[in-house]
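Worksheet: one structure, shown below.
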Amino acid sequence: AQSVTQPDIHITVSEGASLELRCNYSYGATPYLFWYVQSPGQGLQLLLKYFSGDTLVQGIKGFEAEFKRSQSSFNLRKPSVHWSDAAEYFCAVGPLYTPLVFGKGTRLSVIA
Amino acid sequence: KAGVTQTPRYLIKTRGQQVTLSCSPISGHRSVSWYQQTPGQGLQFLFEYFSETQRNKGNFPGRFSGRQFSNSRSEMNVSTLELGDSALYLCASSGLAGGAEDTQYFGPGTRLTVL
């Protein structure tokens, strides 16, 4: 069965610092991988997705993620964090059709 | 283009009651999925409807049901509410084929509190 692990429950970074959120997945076939962000009281917003091709994927808000098949990872990165990036981040894996399987999420706090 | 809308946004019910939540997908989208989000279990898939047919179902008891109308709007119903049903219920819609390439776009959710 497919699964997603986000090892970090909570991360705190300083504004302007770089960020990397970890995601490891378990999936038997070629995965479809996603990163979503959720602000308090809001639904999920798609940051980026990987289906095939270039393993470095660019997303919205300056985020990028790199797919590494050998490590079963899909880590999310941002070179310089802004205070508005404080939110909860979810990694998800899916087959060709739903359902998506989500990780438990990583809560990001940004300090001045 | 309007996003996914969910109504109501907040709901308070008591144990034993039933509740119906509504989701209007993005115009042109034919697939609607429902997820339950709780602090303990995270995001869990409930079911997916495509062209008025349930295509996938998660591991939830029969008290949870749904349907989709010809205009792709979807409702989910929870009967005999339990305290553990308190959660944020998220609806997501995706495009014509409903495949993973058709990204799922989420609504703001309905916060259900069961007292």
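The way I read the labels, and the way they are meant: chains A, B, ... in the order of the structure tokens, residue 1 as the first residue of every chain, and ligand 1 as the first ligand shown, with later ones counted on from there.
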
**Prompt:** Which neighbours of stretch 37-51 of chain A fall inside 8 Å, counting only C-alpha atoms, when residues of the same chain fewer than 5 positions from it are skipped, and could you give them as a VMD selection string?
**Reply:** (chain A and resid 31 to 32 57 to 61 63 to 65 67 86 to 90) or (chain B and resid 90 101 105 to 109)

**Asked** Which parts of stretch 8-104 of chain B does DSSP call strand (DSSP E) when run on the backbone here, written out as JSON, numbers by chain?
**Response** {"B": [10, 11, 12, 13, 19, 20, 21, 22, 23, 24, 31, 32, 33, 34, 35, 36, 37, 38, 42, 43, 44, 45, 46, 47, 48, 49, 50, 53, 54, 55, 56, 57, 64, 65, 66, 67, 68, 74, 75, 76, 77, 78, 87, 88, 89, 90, 91, 92, 93, 94]}

**Message:** Applying 12 Å and only C-alpha atoms, which residues near A:Ala29 remain after dropping the ones on its own chain fewer than 3 positions away? List them as a ChimeraX atom specification.
**Reply:** /A:1-2,25-26,32-33,51,69,72,93-96

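Each of B:Thr103, B:Gln17, B:Thr7, B:Ser24 was checked against B:Phe69 using only C-alpha atoms; the smallest atom-to-atom distance is that of B:Ser24.
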
**Residue nearest chain A among B:Thr14, B:Thr20, B:Ser79, B:Gln36 (counting only C-alpha atoms)** =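 Among B:Thr14, B:Thr20, B:Ser79, B:Gln36, it is B:Gln36 that comes nearest to chain A.
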